[in-house]
file data39.csv (CSV, C-alpha atoms)
chain,number,residue,atom,x,y,z
A,1,MET,CA,7.7,3.8,-56.0
A,2,ASN,CA,4.5,2.0,-54.8
A,3,GLU,CA,5.2,0.6,-51.3
A,4,LYS,CA,2.7,-2.2,-51.7
A,5,ASN,CA,4.6,-3.7,-54.6
A,6,THR,CA,8.1,-3.0,-53.5
A,7,THR,CA,10.4,-5.9,-52.9
A,8,PHE,CA,13.4,-5.6,-50.5
A,9,GLU,CA,15.8,-5.8,-53.4
A,10,SER,CA,14.1,-3.1,-55.5
A,11,ALA,CA,13.9,-0.8,-52.5
A,12,MET,CA,17.6,-1.3,-51.7
A,13,GLN,CA,18.5,-0.7,-55.4
A,14,ARG,CA,16.5,2.6,-55.4
A,15,LEU,CA,18.1,3.6,-52.0
A,16,GLU,CA,21.6,3.0,-53.5
A,17,GLN,CA,20.6,5.3,-56.5
A,18,ILE,CA,19.5,8.0,-54.1
A,19,VAL,CA,22.7,7.8,-52.1
A,20,ARG,CA,24.9,8.0,-55.2
A,21,ALA,CA,22.9,11.0,-56.4
A,22,MET,CA,23.2,12.8,-53.1
A,23,GLU,CA,26.9,11.9,-52.8
A,24,ARG,CA,27.7,13.5,-56.1
A,25,GLY,CA,26.6,16.8,-54.6
A,26,ASP,CA,25.1,18.2,-57.8
A,27,VAL,CA,21.5,17.8,-56.9
A,28,PRO,CA,19.6,21.0,-56.2
A,29,LEU,CA,18.5,21.5,-52.6
A,30,ASP,CA,14.8,21.0,-53.2
A,31,GLU,CA,15.5,17.7,-55.1
A,32,SER,CA,17.9,16.6,-52.3
A,33,LEU,CA,15.1,17.1,-49.8
A,34,LYS,CA,12.7,15.0,-51.9
A,35,LEU,CA,15.4,12.3,-52.3
A,36,PHE,CA,16.1,12.3,-48.6
A,37,GLN,CA,12.4,11.9,-47.8
A,38,GLU,CA,12.1,9.1,-50.3
A,39,GLY,CA,15.2,7.4,-48.9
A,40,THR,CA,13.8,7.7,-45.3
A,41,GLU,CA,10.6,5.9,-46.5
A,42,LEU,CA,12.6,3.2,-48.2
A,43,VAL,CA,14.7,2.6,-45.1
A,44,ARG,CA,11.4,2.2,-43.1
A,45,SER,CA,9.9,-0.1,-45.7
A,46,CYS,CA,13.1,-2.3,-45.8
A,47,GLY,CA,13.1,-2.5,-42.0
A,48,GLN,CA,9.5,-3.6,-42.0
A,49,LEU,CA,10.1,-6.2,-44.8
A,50,LEU,CA,13.1,-7.6,-42.8
A,51,ASP,CA,10.9,-7.8,-39.6
A,52,GLU,CA,8.3,-9.7,-41.5
A,53,ALA,CA,10.8,-12.1,-43.0
A,54,GLU,CA,12.3,-12.7,-39.5
A,55,MET,CA,8.9,-13.7,-38.2
A,56,GLN,CA,8.7,-16.4,-40.9
A,57,ILE,CA,12.0,-17.9,-40.3
A,58,GLN,CA,12.0,-21.3,-38.7
A,59,LYS,CA,14.9,-23.6,-37.7
A,60,VAL,CA,15.2,-27.3,-37.9
A,61,VAL,CA,16.1,-29.1,-34.7
A,62,LYS,CA,16.5,-32.7,-33.7
A,63,GLY,CA,13.5,-34.0,-31.8
A,64,ALA,CA,13.5,-36.4,-28.8
A,65,ASP,CA,13.2,-39.4,-31.2
A,66,GLY,CA,16.0,-38.0,-33.4
A,67,ALA,CA,13.7,-36.9,-36.2
A,68,PRO,CA,14.0,-33.3,-37.4
A,69,THR,CA,11.2,-31.0,-36.2
A,70,MET,CA,10.5,-27.4,-37.1
A,71,GLU,CA,10.7,-24.8,-34.4
A,72,ASP,CA,10.0,-21.0,-34.5
A,73,PHE,CA,13.1,-19.0,-34.9
A,74,ALA,CA,14.1,-17.2,-31.7
A,75,ASP,CA,16.9,-14.7,-31.3
A,76,GLU,CA,19.4,-16.7,-29.3
A,77,SER,CA,20.8,-13.6,-27.7
A,78,SER,CA,17.4,-13.2,-25.9
A,79,ILE,CA,17.5,-16.7,-24.4

call {"tool": "encode", "arguments": {"input": "data39.csv", "output": "structure tokens"}}
result
Amino acid sequence: MNEKNTTFESAMQRLEQIVRAMERGDVPLDESLKLFQEGTELVRSCGQLLDEAEMQIQKVVKGADGAPTMEDFADESSI
């Protein structure tokens, strides 16, 4: 799977396929290792895609004049 063209949804779908194959327990050891390695890369890629999406999120708040304004999303647990 080409990481540059991978969407979050397609990466998650492939990750689910890998998990199902490994849970069946009928995959040879060498193939299991390859699947595990691919799964690890997919998890890293999904994490990166989620981090990038979070940076793009903005929230709408009411400005001083009552008009809506856009503000960068901040994790409220860190405030």

call {"tool": "residues_around", "arguments": {"input": "data39.csv", "residues": "range 5-11 of chain A", "least_positions_apart": "4", "cutoff": "10 Å", "atoms": "all atoms listed in the file", "output": "JSON list (two decimals) with C-alpha atoms, keeping the file's coordinate frame"}}
result
[["chain", "number", "residue", "atom", "x", "y", "z"],
["A", 1, "MET", "CA", 7.70, 3.80, -56.00],
["A", 15, "LEU", "CA", 18.10, 3.60, -52.00],
["A", 16, "GLU", "CA", 21.60, 3.00, -53.50],
["A", 17, "GLN", "CA", 20.60, 5.30, -56.50],
["A", 39, "GLY", "CA", 15.20, 7.40, -48.90],
["A", 41, "GLU", "CA", 10.60, 5.90, -46.50],
["A", 42, "LEU", "CA", 12.60, 3.20, -48.20],
["A", 43, "VAL", "CA", 14.70, 2.60, -45.10],
["A", 45, "SER", "CA", 9.90, -0.10, -45.70],
["A", 46, "CYS", "CA", 13.10, -2.30, -45.80],
["A", 47, "GLY", "CA", 13.10, -2.50, -42.00],
["A", 48, "GLN", "CA", 9.50, -3.60, -42.00],
["A", 49, "LEU", "CA", 10.10, -6.20, -44.80],
["A", 50, "LEU", "CA", 13.10, -7.60, -42.80]]

call {"tool": "atom_distance", "arguments": {"input": "data39.csv", "atom1": "CA of Thr40 in chain A", "atom2": "CA of Ala21 in chain A"}}
result
14.7 Å

call {"tool": "atom_distance", "arguments": {"input": "data39.csv", "atom1": "CA of Lys34 in chain A", "atom2": "CA of Glu52 in chain A"}}
result
27.2 Å

call {"tool": "atom_distance", "arguments": {"input": "data39.csv", "atom1": "CA of Gln56 in chain A", "atom2": "CA of Glu38 in chain A"}}
result
27.4 Å

call {"tool": "closest_residue", "arguments": {"input": "data39.csv", "among": "A:Asp72, A:Gln37, A:Asp30, A:Glu23", "to": "Val60 in chain A", "atoms": "only C-alpha atoms"}}
result
A:Asp72

call {"tool": "decode", "arguments": {"input": "data39.csv", "residues": "range 28-56 of chain A", "atoms": "N, CA and C atoms", "output": "PDB file, in the first residue's frame"}}
result
ATOM      1  N   PRO A  28       0.945 -18.613   8.009  1.00  0.00           N
ATOM      2  CA  PRO A  28       2.290 -19.065   8.375  1.00  0.00           C
ATOM      3  C   PRO A  28       3.073 -17.962   9.101  1.00  0.00           C
ATOM      4  N   LEU A  29       4.049 -18.381   9.882  1.00  0.00           N
ATOM      5  CA  LEU A  29       4.815 -17.444  10.710  1.00  0.00           C
ATOM      6  C   LEU A  29       5.443 -16.323   9.892  1.00  0.00           C
ATOM      7  N   ASP A  30       6.091 -16.659   8.783  1.00  0.00           N
ATOM      8  CA  ASP A  30       6.745 -15.601   7.997  1.00  0.00           C
ATOM      9  C   ASP A  30       5.733 -14.598   7.454  1.00  0.00           C
ATOM     10  N   GLU A  31       4.555 -15.081   7.045  1.00  0.00           N
ATOM     11  CA  GLU A  31       3.510 -14.175   6.576  1.00  0.00           C
ATOM     12  C   GLU A  31       2.948 -13.353   7.729  1.00  0.00           C
ATOM     13  N   SER A  32       2.816 -13.957   8.903  1.00  0.00           N
ATOM     14  CA  SER A  32       2.345 -13.234  10.093  1.00  0.00           C
ATOM     15  C   SER A  32       3.283 -12.090  10.435  1.00  0.00           C
ATOM     16  N   LEU A  33       4.574 -12.332  10.325  1.00  0.00           N
ATOM     17  CA  LEU A  33       5.547 -11.272  10.607  1.00  0.00           C
ATOM     18  C   LEU A  33       5.423 -10.126   9.609  1.00  0.00           C
ATOM     19  N   LYS A  34       5.219 -10.466   8.334  1.00  0.00           N
ATOM     20  CA  LYS A  34       5.043  -9.425   7.312  1.00  0.00           C
ATOM     21  C   LYS A  34       3.761  -8.631   7.574  1.00  0.00           C
ATOM     22  N   LEU A  35       2.687  -9.345   7.926  1.00  0.00           N
ATOM     23  CA  LEU A  35       1.422  -8.668   8.224  1.00  0.00           C
ATOM     24  C   LEU A  35       1.554  -7.774   9.454  1.00  0.00           C
ATOM     25  N   PHE A  36       2.257  -8.264  10.472  1.00  0.00           N
ATOM     26  CA  PHE A  36       2.468  -7.469  11.678  1.00  0.00           C
ATOM     27  C   PHE A  36       3.233  -6.189  11.346  1.00  0.00           C
ATOM     28  N   GLN A  37       4.260  -6.329  10.528  1.00  0.00           N
ATOM     29  CA  GLN A  37       5.065  -5.164  10.133  1.00  0.00           C
ATOM     30  C   GLN A  37       4.216  -4.168   9.341  1.00  0.00           C
ATOM     31  N   GLU A  38       3.409  -4.676   8.401  1.00  0.00           N
ATOM     32  CA  GLU A  38       2.527  -3.800   7.624  1.00  0.00           C
ATOM     33  C   GLU A  38       1.515  -3.117   8.545  1.00  0.00           C
ATOM     34  N   GLY A  39       0.962  -3.872   9.492  1.00  0.00           N
ATOM     35  CA  GLY A  39      -0.001  -3.308  10.437  1.00  0.00           C
ATOM     36  C   GLY A  39       0.606  -2.208  11.284  1.00  0.00           C
ATOM     37  N   THR A  40       1.828  -2.420  11.720  1.00  0.00           N
ATOM     38  CA  THR A  40       2.525  -1.409  12.519  1.00  0.00           C
ATOM     39  C   THR A  40       2.697  -0.117  11.727  1.00  0.00           C
ATOM     40  N   GLU A  41       3.053  -0.239  10.461  1.00  0.00           N
ATOM     41  CA  GLU A  41       3.200   0.943   9.604  1.00  0.00           C
ATOM     42  C   GLU A  41       1.849   1.643   9.400  1.00  0.00           C
ATOM     43  N   LEU A  42       0.799   0.854   9.235  1.00  0.00           N
ATOM     44  CA  LEU A  42      -0.533   1.438   9.057  1.00  0.00           C
ATOM     45  C   LEU A  42      -0.989   2.196  10.303  1.00  0.00           C
ATOM     46  N   VAL A  43      -0.702   1.642  11.475  1.00  0.00           N
ATOM     47  CA  VAL A  43      -1.052   2.327  12.725  1.00  0.00           C
ATOM     48  C   VAL A  43      -0.309   3.659  12.816  1.00  0.00           C
ATOM     49  N   ARG A  44       0.971   3.653  12.467  1.00  0.00           N
ATOM     50  CA  ARG A  44       1.766   4.886  12.486  1.00  0.00           C
ATOM     51  C   ARG A  44       1.193   5.904  11.496  1.00  0.00           C
ATOM     52  N   SER A  45       0.856   5.428  10.301  1.00  0.00           N
ATOM     53  CA  SER A  45       0.297   6.301   9.273  1.00  0.00           C
ATOM     54  C   SER A  45      -1.040   6.892   9.712  1.00  0.00           C
ATOM     55  N   CYS A  46      -1.907   6.061  10.307  1.00  0.00           N
ATOM     56  CA  CYS A  46      -3.210   6.547  10.781  1.00  0.00           C
ATOM     57  C   CYS A  46      -3.026   7.596  11.878  1.00  0.00           C
ATOM     58  N   GLY A  47      -2.089   7.357  12.775  1.00  0.00           N
ATOM     59  CA  GLY A  47      -1.809   8.327  13.828  1.00  0.00           C
ATOM     60  C   GLY A  47      -1.367   9.663  13.256  1.00  0.00           C
ATOM     61  N   GLN A  48      -0.507   9.592  12.236  1.00  0.00           N
ATOM     62  CA  GLN A  48      -0.028  10.813  11.595  1.00  0.00           C
ATOM     63  C   GLN A  48      -1.175  11.548  10.890  1.00  0.00           C
ATOM     64  N   LEU A  49      -2.038  10.797  10.193  1.00  0.00           N
ATOM     65  CA  LEU A  49      -3.174  11.421   9.520  1.00  0.00           C
ATOM     66  C   LEU A  49      -4.120  12.076  10.524  1.00  0.00           C
ATOM     67  N   LEU A  50      -4.344  11.435  11.661  1.00  0.00           N
ATOM     68  CA  LEU A  50      -5.198  12.019  12.702  1.00  0.00           C
ATOM     69  C   LEU A  50      -4.577  13.273  13.291  1.00  0.00           C
ATOM     70  N   ASP A  51      -3.262  13.247  13.505  1.00  0.00           N
ATOM     71  CA  ASP A  51      -2.574  14.439  14.022  1.00  0.00           C
ATOM     72  C   ASP A  51      -2.715  15.605  13.058  1.00  0.00           C
ATOM     73  N   GLU A  52      -2.563  15.334  11.752  1.00  0.00           N
ATOM     74  CA  GLU A  52      -2.693  16.384  10.745  1.00  0.00           C
ATOM     75  C   GLU A  52      -4.122  16.932  10.706  1.00  0.00           C
ATOM     76  N   ALA A  53      -5.103  16.046  10.826  1.00  0.00           N
ATOM     77  CA  ALA A  53      -6.502  16.496  10.818  1.00  0.00           C
ATOM     78  C   ALA A  53      -6.799  17.359  12.032  1.00  0.00           C
ATOM     79  N   GLU A  54      -6.274  16.972  13.180  1.00  0.00           N
ATOM     80  CA  GLU A  54      -6.511  17.740  14.402  1.00  0.00           C
ATOM     81  C   GLU A  54      -5.969  19.157  14.282  1.00  0.00           C
ATOM     82  N   MET A  55      -4.831  19.308  13.601  1.00  0.00           N
ATOM     83  CA  MET A  55      -4.247  20.639  13.438  1.00  0.00           C
ATOM     84  C   MET A  55      -5.116  21.531  12.560  1.00  0.00           C
ATOM     85  N   GLN A  56      -5.943  20.914  11.720  1.00  0.00           N
ATOM     86  CA  GLN A  56      -6.773  21.691  10.805  1.00  0.00           C
ATOM     87  C   GLN A  56      -8.134  22.050  11.396  1.00  0.00           C
TER      88      GLN A  56
END
